[in-house]
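Novice: Got a structure here, written out as structure tokens. Questions coming.
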Amino acid sequence: MKIDKALEEEIQAMGDDHIMTSYETPLREDAFDLSDDEKIVSIRKDVANIMQTLGLDMTDDSLKGTPNRVAKMFVKEIFGGLHPDRRPKASTFDNKYKYNEMLVEKNITVYSTCEHHLLPIVGRAHIAYISNGNVVGLSKMNRIVDYYAKRPQVQERLTIQVVKELQKVLGTEDVACVIDAKHLCVNSRGIRDIESSTVTAEFGGKFKNEKTRLEFLDYIKLDTKF
């Protein structure tokens, strides 16, 4: 069976462009009707069929457990951030010490998956906010990045989602995020450019001011290796 010609032409025209319809991850209304275990059973069959179609010997000791491992990885790990029940509980605290300057959490590890080819996105996120009376635990910023990264993504959407989540948690627009990442859909296939990376940024509130924005970018450049 051949791929529909019109669909193939549309895919070719899209190429590797990062096209997104909104900052919300596109999910169907019935996305969570199946339990995690039911999804694993279904995906396991699909992965086995793909491997069988490719001509692999599914009785081989090295391969026969792969469908189950992949299915569990999809549901529990690399796409675990799709389920709203896994959203991190980001409690805030009163800013009793009256710290009114910018707070920056830099070099947060990003492991995500390109939604166009289901290949890894690997990089670093840098987040900043200016308190309007509330502060959030430092590790919660890492957890927010990890939550939104663990789903099929485009980097632009991930950057916006991180900012909007922190704005909601902190009750302020004064949040910024920069992500610098490598996309294996570019590095390992297609053009196979192993040197290039993609940088995206989202600036809210005071960070739209050039002086504040440049201060944040200067903090990112600081050598903080120990």
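Labels used: A, B, ... for chains in the order of the structure tokens, numbers from 1 for residues in each chain, and numbers from 1 for ligands as shown.
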Can you tell me which residues surround Val47 in chain A at a distance of at most 10 Å, considering only C-alpha atoms, apart from same-chain residues fewer than 4 positions away, and format the answer as a PyMOL selection string?
Specialist: chain A and resi 42-43+51-53+66-71
Novice: Atoms to include: C-alpha atoms. Write the selected residues as a PDB file, in the first residue's frame.
Specialist:
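That gives us selection_34.pdb:
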ATOM      1  CA  SER A  42      -1.931  -1.423  22.728  1.00  0.00           C
ATOM      2  CA  ILE A  43       1.404   0.270  21.953  1.00  0.00           C
ATOM      3  CA  MET A  51       9.506  -4.427  13.932  1.00  0.00           C
ATOM      4  CA  GLN A  52       7.870  -7.404  12.204  1.00  0.00           C
ATOM      5  CA  THR A  53       7.214  -5.272   9.107  1.00  0.00           C
ATOM      6  CA  THR A  66      11.702  -4.578  22.843  1.00  0.00           C
ATOM      7  CA  PRO A  67       7.966  -3.929  22.156  1.00  0.00           C
ATOM      8  CA  ASN A  68       7.163  -4.041  25.862  1.00  0.00           C
ATOM      9  CA  ARG A  69      10.167  -1.902  26.813  1.00  0.00           C
ATOM     10  CA  VAL A  70       9.276   0.727  24.201  1.00  0.00           C
ATOM     11  CA  ALA A  71       5.596   0.782  25.189  1.00  0.00           C
TER      12      ALA A  71
END
Novice: Can you tell me, as number ranges by chain, what residues are no more than 10 Å from range 144-146 of chain A when counting only C-alpha atoms, ignoring any on the same chain fewer than 2 positions away?
Specialist: A: 78, 80-81, 87-90, 108-112, 124-127, 139-142, 148-151, 158-159, 161-163, 165-166
Novice: Please save N, CA and C atoms of the selected residues as an mmCIF file, in the first residue's frame.
Specialist:
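The new file part_23.cif reads:
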data_model
loop_
_atom_site.group_PDB
_atom_site.id
_atom_site.type_symbol
_atom_site.label_atom_id
_atom_site.label_comp_id
_atom_site.auth_asym_id
_atom_site.auth_seq_id
_atom_site.Cartn_x
_atom_site.Cartn_y
_atom_site.Cartn_z
ATOM 1 N N ILE A 78 9.134 8.921 28.501
ATOM 2 C CA ILE A 78 9.387 10.059 27.606
ATOM 3 C C ILE A 78 8.119 10.818 27.213
ATOM 4 N N GLY A 80 5.448 10.768 29.480
ATOM 5 C CA GLY A 80 4.706 10.800 30.732
ATOM 6 C C GLY A 80 4.126 12.160 31.066
ATOM 7 N N GLY A 81 4.692 13.221 30.495
ATOM 8 C CA GLY A 81 4.209 14.572 30.769
ATOM 9 C C GLY A 81 2.909 14.923 30.068
ATOM 10 N N ARG A 87 1.386 16.705 36.554
ATOM 11 C CA ARG A 87 1.837 18.092 36.679
ATOM 12 C C ARG A 87 2.431 18.307 38.061
ATOM 13 N N PRO A 88 3.646 18.875 38.134
ATOM 14 C CA PRO A 88 4.296 19.031 39.442
ATOM 15 C C PRO A 88 3.531 19.996 40.340
ATOM 16 N N LYS A 89 3.474 19.647 41.613
ATOM 17 C CA LYS A 89 2.838 20.521 42.605
ATOM 18 C C LYS A 89 3.840 21.618 42.960
ATOM 19 N N ALA A 90 3.644 22.784 42.411
ATOM 20 C CA ALA A 90 4.605 23.882 42.587
ATOM 21 C C ALA A 90 4.088 24.857 43.636
ATOM 22 N N ILE A 108 19.267 24.079 33.142
ATOM 23 C CA ILE A 108 18.344 22.990 33.459
ATOM 24 C C ILE A 108 18.355 22.009 32.282
ATOM 25 N N THR A 109 18.600 20.752 32.566
ATOM 26 C CA THR A 109 18.677 19.758 31.498
ATOM 27 C C THR A 109 17.314 19.553 30.837
ATOM 28 N N VAL A 110 17.307 19.552 29.519
ATOM 29 C CA VAL A 110 16.092 19.310 28.742
ATOM 30 C C VAL A 110 16.260 18.012 27.946
ATOM 31 N N TYR A 111 15.372 17.057 28.204
ATOM 32 C CA TYR A 111 15.250 15.863 27.376
ATOM 33 C C TYR A 111 13.822 15.826 26.870
ATOM 34 N N SER A 112 13.643 16.009 25.576
ATOM 35 C CA SER A 112 12.306 15.982 25.012
ATOM 36 C C SER A 112 12.331 15.161 23.722
ATOM 37 N N ARG A 124 19.553 22.649 27.089
ATOM 38 C CA ARG A 124 19.505 23.329 28.382
ATOM 39 C C ARG A 124 18.446 24.423 28.360
ATOM 40 N N ALA A 125 17.778 24.574 29.504
ATOM 41 C CA ALA A 125 16.819 25.659 29.672
ATOM 42 C C ALA A 125 17.332 26.607 30.741
ATOM 43 N N HIS A 126 17.070 27.903 30.555
ATOM 44 C CA HIS A 126 17.443 28.941 31.510
ATOM 45 C C HIS A 126 16.171 29.729 31.832
ATOM 46 N N ILE A 127 15.840 29.813 33.113
ATOM 47 C CA ILE A 127 14.593 30.447 33.532
ATOM 48 C C ILE A 127 14.897 31.587 34.495
ATOM 49 N N SER A 139 13.867 23.614 42.820
ATOM 50 C CA SER A 139 13.713 22.351 42.095
ATOM 51 C C SER A 139 12.394 22.287 41.336
ATOM 52 N N LYS A 140 11.407 23.083 41.755
ATOM 53 C CA LYS A 140 10.112 23.064 41.071
ATOM 54 C C LYS A 140 10.242 23.596 39.653
ATOM 55 N N MET A 141 11.177 24.522 39.432
ATOM 56 C CA MET A 141 11.377 25.025 38.070
ATOM 57 C C MET A 141 11.928 23.921 37.177
ATOM 58 N N ASN A 142 12.864 23.128 37.721
ATOM 59 C CA ASN A 142 13.374 21.981 36.963
ATOM 60 C C ASN A 142 12.255 20.995 36.658
ATOM 61 N N TYR A 148 6.843 19.400 31.010
ATOM 62 C CA TYR A 148 6.428 19.796 29.667
ATOM 63 C C TYR A 148 7.340 19.228 28.579
ATOM 64 N N ALA A 149 8.562 18.860 28.958
ATOM 65 C CA ALA A 149 9.471 18.248 27.977
ATOM 66 C C ALA A 149 9.077 16.806 27.689
ATOM 67 N N LYS A 150 8.439 16.135 28.665
ATOM 68 C CA LYS A 150 8.120 14.725 28.502
ATOM 69 C C LYS A 150 6.818 14.537 27.735
ATOM 70 N N ARG A 151 6.860 14.942 26.489
ATOM 71 C CA ARG A 151 5.736 14.788 25.569
ATOM 72 C C ARG A 151 6.254 15.061 24.166
ATOM 73 N N LEU A 158 7.363 24.320 23.873
ATOM 74 C CA LEU A 158 7.925 23.998 25.189
ATOM 75 C C LEU A 158 8.333 25.264 25.936
ATOM 76 N N THR A 159 8.991 26.180 25.239
ATOM 77 C CA THR A 159 9.452 27.423 25.857
ATOM 78 C C THR A 159 8.277 28.244 26.385
ATOM 79 N N GLN A 161 5.206 27.107 27.096
ATOM 80 C CA GLN A 161 4.507 26.385 28.158
ATOM 81 C C GLN A 161 5.188 26.557 29.511
ATOM 82 N N VAL A 162 6.525 26.529 29.519
ATOM 83 C CA VAL A 162 7.263 26.711 30.766
ATOM 84 C C VAL A 162 6.976 28.093 31.348
ATOM 85 N N VAL A 163 7.018 29.123 30.504
ATOM 86 C CA VAL A 163 6.781 30.488 30.974
ATOM 87 C C VAL A 163 5.350 30.640 31.499
ATOM 88 N N GLU A 165 3.285 28.403 32.635
ATOM 89 C CA GLU A 165 3.072 27.654 33.877
ATOM 90 C C GLU A 165 3.635 28.409 35.071
ATOM 91 N N LEU A 166 4.837 28.965 34.922
ATOM 92 C CA LEU A 166 5.439 29.708 36.032
ATOM 93 C C LEU A 166 4.705 31.023 36.293
#
Novice: I need the residue nearest Lys76 in chain A from this list: A:Lys64, A:Ala176, A:Asp46, A:Asp37. Use only C-alpha atoms for the distance.
Specialist: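 Distance minimum relative to Lys76 in chain A lands on A:Asp37.
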Novice: Please indicate the distance in Å from CA of Asn209 in chain A to CA of Val136 in chain A, rounded to one decimal place.
Specialist: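 Interatomic distance here is 23.1 Å.
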Novice: May I have all residues of range 16-218 of chain A that DSSP, computed from the backbone, assigns to strand (DSSP E or B), given as a count of residues only?
Specialist: 47
Novice: Determine which residues of range 33-115 of chain A DSSP labels as helix (DSSP H, G or I) from the backbone of this structure, then write them out as a PyMOL selection string.
Specialist: chain A and resi 36-53+66-78+80-82+84-86
Novice: Export, as a compact mmCIF listing (two decimals), in the first residue's frame, the selected residues with N, CA and C atoms.
Specialist:
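Listed below is the output, again-v6.txt:
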# COMPACT_ATOMS: atom_id res chain seq x y z
N ASP A 36 -2.99 3.72 31.87
CA ASP A 36 -1.61 3.55 31.42
C ASP A 36 -1.35 2.11 31.00
N ASP A 37 -1.85 1.15 31.77
CA ASP A 37 -1.63 -0.26 31.45
C ASP A 37 -2.29 -0.64 30.12
N GLU A 38 -3.48 -0.11 29.87
CA GLU A 38 -4.16 -0.40 28.61
C GLU A 38 -3.40 0.20 27.43
N LYS A 39 -2.85 1.39 27.63
CA LYS A 39 -2.06 2.01 26.56
C LYS A 39 -0.80 1.20 26.27
N ILE A 40 -0.17 0.70 27.32
CA ILE A 40 1.05 -0.10 27.14
C ILE A 40 0.76 -1.35 26.32
N VAL A 41 -0.36 -2.04 26.61
CA VAL A 41 -0.74 -3.24 25.87
C VAL A 41 -0.94 -2.92 24.39
N SER A 42 -1.64 -1.81 24.11
CA SER A 42 -1.93 -1.42 22.73
C SER A 42 -0.66 -1.03 21.98
N ILE A 43 0.17 -0.19 22.61
CA ILE A 43 1.40 0.27 21.95
C ILE A 43 2.37 -0.88 21.74
N ARG A 44 2.40 -1.83 22.68
CA ARG A 44 3.28 -2.99 22.54
C ARG A 44 2.97 -3.75 21.25
N LYS A 45 1.70 -3.92 20.94
CA LYS A 45 1.31 -4.61 19.71
C LYS A 45 1.75 -3.81 18.49
N ASP A 46 1.60 -2.47 18.55
CA ASP A 46 1.97 -1.63 17.41
C ASP A 46 3.48 -1.66 17.16
N VAL A 47 4.27 -1.61 18.23
CA VAL A 47 5.73 -1.64 18.07
C VAL A 47 6.16 -3.00 17.51
N ALA A 48 5.55 -4.07 18.00
CA ALA A 48 5.87 -5.41 17.49
C ALA A 48 5.56 -5.49 16.00
N ASN A 49 4.44 -4.88 15.59
CA ASN A 49 4.07 -4.90 14.18
C ASN A 49 5.07 -4.13 13.33
N ILE A 50 5.55 -2.98 13.83
CA ILE A 50 6.55 -2.20 13.10
C ILE A 50 7.82 -3.03 12.93
N MET A 51 8.27 -3.64 14.00
CA MET A 51 9.51 -4.43 13.93
C MET A 51 9.34 -5.63 13.01
N GLN A 52 8.16 -6.26 13.08
CA GLN A 52 7.87 -7.40 12.20
C GLN A 52 7.88 -6.96 10.74
N THR A 53 7.28 -5.81 10.48
CA THR A 53 7.21 -5.27 9.11
C THR A 53 8.60 -4.96 8.57
N THR A 66 11.68 -5.98 23.26
CA THR A 66 11.70 -4.58 22.84
C THR A 66 10.31 -3.94 22.78
N PRO A 67 9.29 -4.58 22.20
CA PRO A 67 7.97 -3.93 22.16
C PRO A 67 7.45 -3.53 23.53
N ASN A 68 7.64 -4.37 24.52
CA ASN A 68 7.16 -4.04 25.86
C ASN A 68 7.98 -2.92 26.48
N ARG A 69 9.31 -2.96 26.27
CA ARG A 69 10.17 -1.90 26.81
C ARG A 69 9.82 -0.55 26.20
N VAL A 70 9.61 -0.52 24.89
CA VAL A 70 9.28 0.73 24.20
C VAL A 70 7.92 1.25 24.67
N ALA A 71 6.94 0.36 24.76
CA ALA A 71 5.60 0.78 25.19
C ALA A 71 5.62 1.39 26.59
N LYS A 72 6.32 0.75 27.52
CA LYS A 72 6.43 1.28 28.88
C LYS A 72 7.18 2.61 28.90
N MET A 73 8.23 2.71 28.08
CA MET A 73 9.00 3.95 28.00
C MET A 73 8.12 5.10 27.48
N PHE A 74 7.34 4.83 26.44
CA PHE A 74 6.46 5.86 25.88
C PHE A 74 5.48 6.37 26.94
N VAL A 75 4.80 5.47 27.61
CA VAL A 75 3.71 5.85 28.51
C VAL A 75 4.23 6.39 29.84
N LYS A 76 5.23 5.73 30.41
CA LYS A 76 5.68 6.06 31.77
C LYS A 76 6.81 7.08 31.80
N GLU A 77 7.59 7.18 30.71
CA GLU A 77 8.77 8.02 30.76
C GLU A 77 8.72 9.16 29.75
N ILE A 78 9.13 8.92 28.50
CA ILE A 78 9.39 10.06 27.61
C ILE A 78 8.12 10.82 27.21
N GLY A 80 5.45 10.77 29.48
CA GLY A 80 4.71 10.80 30.73
C GLY A 80 4.13 12.16 31.07
N GLY A 81 4.69 13.22 30.49
CA GLY A 81 4.21 14.57 30.77
C GLY A 81 2.91 14.92 30.07
N LEU A 82 2.36 14.00 29.29
CA LEU A 82 1.07 14.26 28.65
C LEU A 82 -0.08 14.23 29.66
N PRO A 84 -2.17 15.07 32.81
CA PRO A 84 -2.25 16.22 33.74
C PRO A 84 -2.06 15.82 35.20
N ASP A 85 -2.28 14.55 35.54
CA ASP A 85 -2.07 14.11 36.93
C ASP A 85 -0.60 14.18 37.32
N ARG A 86 0.29 14.25 36.33
CA ARG A 86 1.72 14.29 36.62
C ARG A 86 2.26 15.72 36.68
Novice: Restricting the calculation to only C-alpha atoms, which member of A:Ala128, A:Leu138, A:Val122, A:Val154 is positioned closest to Ser197 in chain A?
Specialist: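 So, comparing all the options, the nearest one is A:Val122.
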Novice: Do you know which residues are at most 9 Å from range 193-195 of chain A counting only C-alpha atoms, after dropping those on the same chain fewer than 5 positions away, and could you put them as number ranges by chain?
Specialist: A: 182, 184, 186-188
Novice: Using Å and a single decimal, report how far CA of Asp30 in chain A sits from CA of Lys164 in chain A.
Specialist: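 Value for the CA of Lys164 in chain A-CA of Asp30 in chain A distance: 24.4 Å.
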Novice: I'd like the interatomic distance between CA of Ile179 in chain A and CA of Leu217 in chain A, to a tenth of an Å.
Specialist: 11.7 Å
